[in-house]
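Read the structure below first, then the notes.
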Amino acid sequence: MLKKIRITLAVITMTLITLLFLDITGTLHHWLGWLAKIQFLPALLALNVGVIVALVVLTLVFGRIYCSVICPLGIMQDIISWLNKKKNRFSYSPEKRWLRYGMLVVFVAAFFLGINSIVALLAPYSSYGRIAQNLLKPIYEAGNNVLAFLAEHMNSYTFYSVDIWIRSLPTFIIALATLLIIGYLAWRGGRTYCNTICPVGTILSFLARFSWLKISFDEDKCKKCGRCARNCKAAAIDFKSMTVDYSRCVVCGNCLEMCNFDSLHYVHPSSAKRSSTEAAKQSPDTGRRSFLIGGTLAVAGAALAQEKKKVDGGLAVIEDKVEPKRLTPLTPPGSISLSNMHKRCTGCQLCVSQCPNEVLRPSTDLLSLMQPTMSYEHGYCRPECNRCAEVCPAGAIQPITLAQKSSTQIGHAVWVKKNCIPVTDGVECGNCERHCPVGAIEMVQLDESDELSPMVPVVNEARCIGCGACENLCPARPFSAIYVEGHEVHKEV
């Protein structure tokens, strides 16, 4: 019963978290965003005391079920291990403390030294987020576009095409490498990654040693057949001494199912040392106890995605824009500063996945690798959208109202004369002025003494909020004639 409940809850959790990353409609985060916020490391960085206390209590009562039911990377390893149909392939091995504690020291040191690329690489939830965003979402979007193509030929607008593009090649490569490495370890050794590399697993292992409920042997019944150890994917059961390493046990329930002699029970350890007669009279209700492990999760559906134009009036192909070189990276409204973003962001890619305007993409800078930065080749940061602030589970992007967003200056626009169409082609434009949502751009004559000189933009830096509407909608190609330079610390305007 324990295994069935664990699998049911894990499948539900995995499905919903994956849908949260794949969603192209912007609707699911209202219902499922809490699944990201109950992940251990994001909750710790966000100082979400309620979630942290709940996870600590959960581990002290039930053991490391977080790794089997809540953590998507842990569930992914279980799925890959299950696909290997070879039976009785595991065996007990001693705990490799030097490796797991060494990796924890590296993780903590990288966090306090601000080497966020290492933190992001080791964070389990973030690792799965990168896999979902970079590897699974393009497949999901391609399927959506096939349905949109078929619907179009049936005069239906149920589905709309979306752009499919790699937001960061280094992050894509890292996501692929993560899947291959962790997938190989799971295929071959089950929970090898969780019990040697994962810092969250190591932290929870300290608590799991003292959990109230544990997998325990009834010594009177055990025949030492070894089936439990050969099916323990955490390599945590030593059937010869009838002991379990609770720091590695993830309460998957495999051993309970494989035992033919009813010698293993999920109980308080003191209850397992009774005689066989007592066990027959007072067999624990493991089904009801196990049911307390999980809760009820909500399911929501997907809606529509907005189609983006790729041609000018259906005639001429528009040349792609090239990202300008910014002296200071742009970070989303609500991130407060570059320092706050670097300190708290785990690079999970949820904000990148959920950005409807395709403004966010992972950084390629070594110190902030995989953390979100902004650029406006595909869209601009619309004043009516604050989705990234709503979905961030780690507090790197603080919740912000639309009114606050419209008065937060994340950067300022800079005009580049040599790229401006009125100067280069001698034609009227004014796109930047017309589309500026805060009225920070005014068109003036390039030469005040010449009435025939072209009208060019002047930016009021004190008013500009850095939304990027001017940069995105500038018709100059491949470089815009106006771009946004970031601010290290955001300001109120």
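Lettering and numbering for the structure tokens are positional, with chains as A, B, ... in the shown order, residues counted from 1 in each chain, and ligands counted from 1 in the shown order.
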
> Near Ser339 of chain A, counting only C-alpha atoms, which residues have an atom at most 12 Å away, once you skip same-chain residues fewer than 3 positions from it, shown as a ChimeraX atom specification?
Replying inline: /A:114,116,329,331,335-336,342-345,367-368,371,396-397,487-490

>> When you look at Leu58 of chain A with a cut-off of 12 Å (counting only C-alpha atoms), what residues show up, excluding the ones that are within fewer than 4 positions of it in the same chain? I need them as number ranges by chain.
In response: A: 40, 51-54, 62-67, 69-70, 204, 207-208, 210-213, 292-294

Expected file: the selected residues, N, CA and C atoms, as a tab-separated table (two decimals), in the first residue's frame:
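The resulting file, again-v2.tsv, is reproduced below:
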```tsv
chain	number	residue	atom	x	y	z
A	40	PHE	N	12.45	22.59	-1.52
A	40	PHE	CA	13.24	22.91	-0.33
A	40	PHE	C	14.15	24.12	-0.53
A	51	VAL	N	6.95	26.86	4.88
A	51	VAL	CA	7.28	25.70	4.05
A	51	VAL	C	8.46	24.95	4.64
A	52	ILE	N	9.49	25.68	5.09
A	52	ILE	CA	10.68	25.02	5.64
A	52	ILE	C	10.30	24.20	6.87
A	53	VAL	N	9.52	24.78	7.77
A	53	VAL	CA	9.09	24.05	8.97
A	53	VAL	C	8.27	22.82	8.59
A	54	ALA	N	7.38	22.97	7.62
A	54	ALA	CA	6.54	21.85	7.19
A	54	ALA	C	7.39	20.71	6.63
A	62	PHE	N	8.10	11.16	8.69
A	62	PHE	CA	8.01	10.10	7.69
A	62	PHE	C	9.33	9.69	7.06
A	63	GLY	N	10.42	10.42	7.32
A	63	GLY	CA	11.67	10.13	6.63
A	63	GLY	C	11.78	10.96	5.35
A	64	ARG	N	12.65	10.53	4.45
A	64	ARG	CA	12.95	11.34	3.26
A	64	ARG	C	11.92	11.12	2.15
A	65	ILE	N	10.65	11.24	2.47
A	65	ILE	CA	9.64	11.09	1.41
A	65	ILE	C	9.62	12.31	0.50
A	66	TYR	N	10.21	13.43	0.94
A	66	TYR	CA	10.32	14.59	0.05
A	66	TYR	C	10.98	14.18	-1.26
A	67	CYS	N	12.03	13.36	-1.18
A	67	CYS	CA	12.79	12.98	-2.37
A	67	CYS	C	12.01	12.05	-3.28
A	69	VAL	N	8.40	12.03	-3.39
A	69	VAL	CA	7.04	12.50	-3.68
A	69	VAL	C	7.01	13.95	-4.14
A	70	ILE	N	7.94	14.79	-3.67
A	70	ILE	CA	7.87	16.23	-3.95
A	70	ILE	C	8.94	16.70	-4.93
A	204	LEU	N	18.57	16.74	4.14
A	204	LEU	CA	17.43	15.98	4.69
A	204	LEU	C	17.88	14.69	5.34
A	207	LEU	N	18.13	14.82	9.10
A	207	LEU	CA	16.85	14.74	9.80
A	207	LEU	C	16.25	13.34	9.72
A	208	ALA	N	16.42	12.70	8.55
A	208	ALA	CA	15.80	11.39	8.34
A	208	ALA	C	16.31	10.34	9.30
A	210	PHE	N	16.45	10.56	12.31
A	210	PHE	CA	15.66	10.64	13.55
A	210	PHE	C	14.16	10.59	13.28
A	211	SER	N	13.78	10.15	12.09
A	211	SER	CA	12.35	10.14	11.75
A	211	SER	C	11.58	9.18	12.66
A	212	TRP	N	10.32	9.49	12.87
A	212	TRP	CA	9.47	8.68	13.75
A	212	TRP	C	9.11	7.35	13.10
A	213	LEU	N	8.74	7.39	11.83
A	213	LEU	CA	8.39	6.16	11.11
A	213	LEU	C	9.57	5.76	10.22
A	292	LEU	N	-1.36	9.31	5.22
A	292	LEU	CA	-1.08	10.61	5.81
A	292	LEU	C	0.11	11.30	5.14
A	293	ILE	N	0.86	10.56	4.32
A	293	ILE	CA	2.06	11.13	3.70
A	293	ILE	C	1.70	12.27	2.76
A	294	GLY	N	0.71	12.08	1.95
A	294	GLY	CA	0.45	13.03	0.87
A	294	GLY	C	-0.75	13.90	1.11
```

May I have the residues within 10 Å of Lys417 of chain A as a short mmCIF file (atom, residue, chain, number, x, y, z; two decimals) with C-alpha atoms, in the first residue's frame, using only C-alpha atoms and disregarding those fewer than 2 positions away in the same chain?
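The new file around.cif reads:
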```cif
data_model
loop_
_atom_site.label_atom_id
_atom_site.label_comp_id
_atom_site.auth_asym_id
_atom_site.auth_seq_id
_atom_site.Cartn_x
_atom_site.Cartn_y
_atom_site.Cartn_z
CA VAL A 414 19.99 54.98 -25.15
CA TRP A 415 19.75 56.36 -28.71
CA ASN A 419 21.39 53.08 -36.67
CA CYS A 420 18.41 55.47 -36.75
CA ILE A 421 16.36 55.21 -39.97
CA PRO A 422 15.53 58.97 -40.21
CA VAL A 423 19.29 59.60 -40.22
CA THR A 424 20.42 56.71 -42.43
CA LEU A 446 18.41 66.60 -35.34
CA VAL A 456 15.05 61.92 -34.00
CA PRO A 457 14.27 60.66 -30.48
CA ALA A 481 18.63 52.48 -33.11
CA ILE A 482 17.59 52.62 -29.46
#
```

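Of note, atom CA of Ile12 of chain A and atom CA of Tyr193 of chain A are spaced 22.6 Å apart.
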
> A:Ser241, A:Ser168, A:Ser91, A:Thr196: which is nearest Ala229 of chain A, counting only C-alpha atoms?
Replying inline: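 When distances to Ala229 of chain A are compared using only C-alpha atoms, the smallest one comes from A:Ser91.
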
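Of note, atom CA of Ile24 of chain A and atom CA of Asp78 of chain A are spaced 27.1 Å apart.
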
> Hey, what's within 10 Å of segment 249-256 of chain A if we count only C-alpha atoms and toss same-chain stuff fewer than 5 positions away? As an NGL selection string, please?
Replying inline: :A and (1-7 or 62-69 or 74 or 78 or 191 or 194-195 or 201 or 205 or 208-209 or 213-216 or 226-237 or 244 or 261-266)

> From the set A:Phe206, A:Trp187, A:Tyr376, A:Tyr483, which residue has the shortest atom-to-atom contact distance to Ile80 of chain A, counting only C-alpha atoms?
Replying inline: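 Closest candidate: A:Trp187.
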
> Just how far from atom CA of Ile465 of chain A is atom CA of Val493 of chain A, in Å to one decimal?
Replying inline: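 Value for the atom CA of Val493 of chain A-atom CA of Ile465 of chain A distance: 7.5 Å.
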
>> Give me the residues near Thr18 of chain A as a ChimeraX atom specification, where near means some atom within 7 Å (using only C-alpha atoms) and where sequence neighbours in that chain fewer than 4 positions away do not count.
In response: /A:14,22,132

The selected residues should be written to file as a PDB file, in the first residue's frame (atoms: all heavy atoms).
```pdb
ATOM      1  N   MET A  14       4.778  15.025 -10.375  1.00  0.00           N
ATOM      2  CA  MET A  14       5.637  15.141 -11.547  1.00  0.00           C
ATOM      3  C   MET A  14       4.870  15.708 -12.733  1.00  0.00           C
ATOM      4  O   MET A  14       5.365  16.584 -13.457  1.00  0.00           O
ATOM      5  CB  MET A  14       6.201  13.761 -11.899  1.00  0.00           C
ATOM      6  CG  MET A  14       7.248  13.789 -12.996  1.00  0.00           C
ATOM      7  SD  MET A  14       8.764  14.586 -12.407  1.00  0.00           S
ATOM      8  CE  MET A  14       9.905  14.092 -13.682  1.00  0.00           C
ATOM      9  N   LEU A  22       5.849  23.671 -18.876  1.00  0.00           N
ATOM     10  CA  LEU A  22       5.489  23.576 -20.297  1.00  0.00           C
ATOM     11  C   LEU A  22       4.388  24.543 -20.697  1.00  0.00           C
ATOM     12  O   LEU A  22       4.220  24.822 -21.894  1.00  0.00           O
ATOM     13  CB  LEU A  22       5.051  22.148 -20.636  1.00  0.00           C
ATOM     14  CG  LEU A  22       6.058  21.021 -20.378  1.00  0.00           C
ATOM     15  CD1 LEU A  22       5.489  19.700 -20.884  1.00  0.00           C
ATOM     16  CD2 LEU A  22       7.390  21.319 -21.044  1.00  0.00           C
ATOM     17  N   ALA A 132      13.164  20.520 -18.184  1.00  0.00           N
ATOM     18  CA  ALA A 132      11.804  20.730 -18.683  1.00  0.00           C
ATOM     19  C   ALA A 132      11.743  21.899 -19.654  1.00  0.00           C
ATOM     20  O   ALA A 132      11.119  21.812 -20.724  1.00  0.00           O
ATOM     21  CB  ALA A 132      10.847  20.963 -17.509  1.00  0.00           C
TER      22      ALA A 132
END
```

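With only C-alpha atoms as the atoms that count, the minimum distance from Val427 of chain A to the choices A:Leu9, A:Cys388, A:Cys351, A:Ala476 is reached by A:Ala476.
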
> In terms of the shortest atom-to-atom distance over only C-alpha atoms, which of A:Cys381, A:Met103, A:Val56, A:Ile131 is closest to Leu180 of chain A?
Replying inline: A:Ile131

>> If DSSP is run on the backbone, what residues of segment 207-275 of chain A are strand (DSSP E)? A reply as number ranges by chain would be ideal.
In response: A: 214-217, 237-238, 243-244, 264-267

Could the residues in this selection be saved with all heavy atoms as a compact mmCIF listing (two decimals), in the first residue's frame?
```txt
# COMPACT_ATOMS: atom_id res chain seq x y z
N LYS A 214 9.90 4.48 10.25
CA LYS A 214 11.04 3.99 9.48
C LYS A 214 10.75 2.57 8.96
O LYS A 214 9.91 1.86 9.52
CB LYS A 214 12.30 3.95 10.35
CG LYS A 214 12.76 5.30 10.88
CD LYS A 214 13.94 5.17 11.81
CE LYS A 214 14.41 6.53 12.32
NZ LYS A 214 15.51 6.42 13.30
N ILE A 215 11.47 2.20 7.90
CA ILE A 215 11.44 0.82 7.44
C ILE A 215 12.24 -0.01 8.44
O ILE A 215 13.44 0.21 8.61
CB ILE A 215 12.04 0.69 6.03
CG1 ILE A 215 11.30 1.59 5.04
CG2 ILE A 215 12.02 -0.77 5.58
CD1 ILE A 215 9.88 1.19 4.78
N SER A 216 11.59 -0.95 9.09
CA SER A 216 12.26 -1.71 10.16
C SER A 216 12.03 -3.20 9.98
O SER A 216 11.01 -3.64 9.44
CB SER A 216 11.75 -1.28 11.53
OG SER A 216 11.96 0.12 11.73
N PHE A 217 13.00 -4.00 10.45
CA PHE A 217 12.95 -5.46 10.36
C PHE A 217 12.23 -6.06 11.56
O PHE A 217 12.41 -5.61 12.70
CB PHE A 217 14.36 -6.05 10.32
CG PHE A 217 15.02 -5.99 8.97
CD1 PHE A 217 15.72 -4.86 8.58
CD2 PHE A 217 14.94 -7.07 8.11
CE1 PHE A 217 16.34 -4.81 7.35
CE2 PHE A 217 15.55 -7.03 6.87
CZ PHE A 217 16.26 -5.89 6.48
N ILE A 237 19.85 -0.98 2.45
CA ILE A 237 19.45 -2.09 3.30
C ILE A 237 20.56 -3.13 3.39
O ILE A 237 21.00 -3.68 2.37
CB ILE A 237 18.16 -2.75 2.77
CG1 ILE A 237 17.00 -1.74 2.78
CG2 ILE A 237 17.79 -3.97 3.61
CD1 ILE A 237 15.70 -2.29 2.25
N ASP A 238 21.01 -3.40 4.58
CA ASP A 238 21.96 -4.47 4.85
C ASP A 238 21.18 -5.62 5.47
O ASP A 238 20.95 -5.65 6.68
CB ASP A 238 23.07 -3.98 5.78
CG ASP A 238 24.14 -5.04 6.01
OD1 ASP A 238 24.01 -6.15 5.46
OD2 ASP A 238 25.10 -4.75 6.76
N THR A 243 19.64 -4.16 9.07
CA THR A 243 19.63 -2.73 9.37
C THR A 243 19.36 -1.94 8.10
O THR A 243 19.60 -2.42 6.98
CB THR A 243 20.99 -2.28 9.96
OG1 THR A 243 22.03 -2.59 9.03
CG2 THR A 243 21.25 -2.95 11.30
N VAL A 244 18.88 -0.72 8.30
CA VAL A 244 18.58 0.18 7.19
C VAL A 244 19.28 1.51 7.44
O VAL A 244 19.24 2.04 8.56
CB VAL A 244 17.05 0.42 7.05
CG1 VAL A 244 16.77 1.38 5.88
CG2 VAL A 244 16.31 -0.90 6.84
N LEU A 264 9.32 -6.88 7.01
CA LEU A 264 9.60 -5.45 6.95
C LEU A 264 8.32 -4.66 7.14
O LEU A 264 7.28 -4.99 6.54
CB LEU A 264 10.24 -5.08 5.61
CG LEU A 264 11.70 -5.50 5.40
CD1 LEU A 264 12.12 -5.25 3.96
CD2 LEU A 264 12.62 -4.74 6.35
N HIS A 265 8.39 -3.62 7.97
CA HIS A 265 7.21 -2.80 8.25
C HIS A 265 7.63 -1.33 8.32
O HIS A 265 8.76 -1.01 8.70
CB HIS A 265 6.55 -3.21 9.56
CG HIS A 265 6.10 -4.63 9.57
ND1 HIS A 265 4.98 -5.07 8.93
CD2 HIS A 265 6.68 -5.73 10.14
CE1 HIS A 265 4.84 -6.37 9.11
NE2 HIS A 265 5.87 -6.80 9.85
N TYR A 266 6.72 -0.49 7.94
CA TYR A 266 6.94 0.96 8.02
C TYR A 266 6.31 1.44 9.32
O TYR A 266 5.12 1.80 9.36
CB TYR A 266 6.32 1.64 6.80
CG TYR A 266 6.56 3.14 6.73
CD1 TYR A 266 7.83 3.68 6.86
CD2 TYR A 266 5.49 4.01 6.51
CE1 TYR A 266 8.04 5.04 6.79
CE2 TYR A 266 5.69 5.37 6.42
CZ TYR A 266 6.96 5.89 6.56
OH TYR A 266 7.15 7.24 6.48
N VAL A 267 7.08 1.40 10.40
CA VAL A 267 6.57 1.68 11.74
C VAL A 267 7.63 2.42 12.53
O VAL A 267 8.75 2.66 12.06
CB VAL A 267 6.21 0.37 12.48
CG1 VAL A 267 5.05 -0.34 11.79
CG2 VAL A 267 7.43 -0.55 12.55
```

>> I'd like to know which of A:Ala36, A:Cys71, A:Ala148, A:Leu83 is closest to Gly183 of chain A, using only C-alpha atoms.
In response: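 Using only C-alpha atoms, the shortest distance to Gly183 of chain A belongs to A:Leu83.
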
>> Env of segment 28-34 of chain A: 12 Å cut, atoms = only C-alpha atoms, seq-sep filter 5 positions within chain, self excluded. Answer as a PyMOL selection string.
In response: chain A and resi 12-23+39+42-43+48+51+70+297-304+350-351+353-355+386-394

>> Give me the residues near Glu323 of chain A as a PyMOL selection string, where near means some atom within 12 Å (using only C-alpha atoms) and where sequence neighbours in that chain fewer than 4 positions away do not count.
In response: chain A and resi 167+329+359+361+373-379+471-472+477-485

>> Here is a test: counting only C-alpha atoms, which residue of A:Ser117, A:Tyr380, A:Val438, A:Thr8 is nearest to Leu366 of chain A?
In response: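 Using only C-alpha atoms, the shortest distance to Leu366 of chain A belongs to A:Ser117.
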
> Where does DSSP see alpha helix (DSSP H) in segment 392-487 of chain A, if you list the residues as a list in words?
Replying inline: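 In segment 392-487 of chain A, DSSP puts these residues in alpha helix (DSSP H): Leu402, Ala403, Gln404, Lys405, Ser406, Ile421, Pro422, Val423, Thr424, Asn431, Cys432, Glu433, Arg434, His435, Ala469, Cys470, Glu471, Asn472 and Leu473 of chain A.
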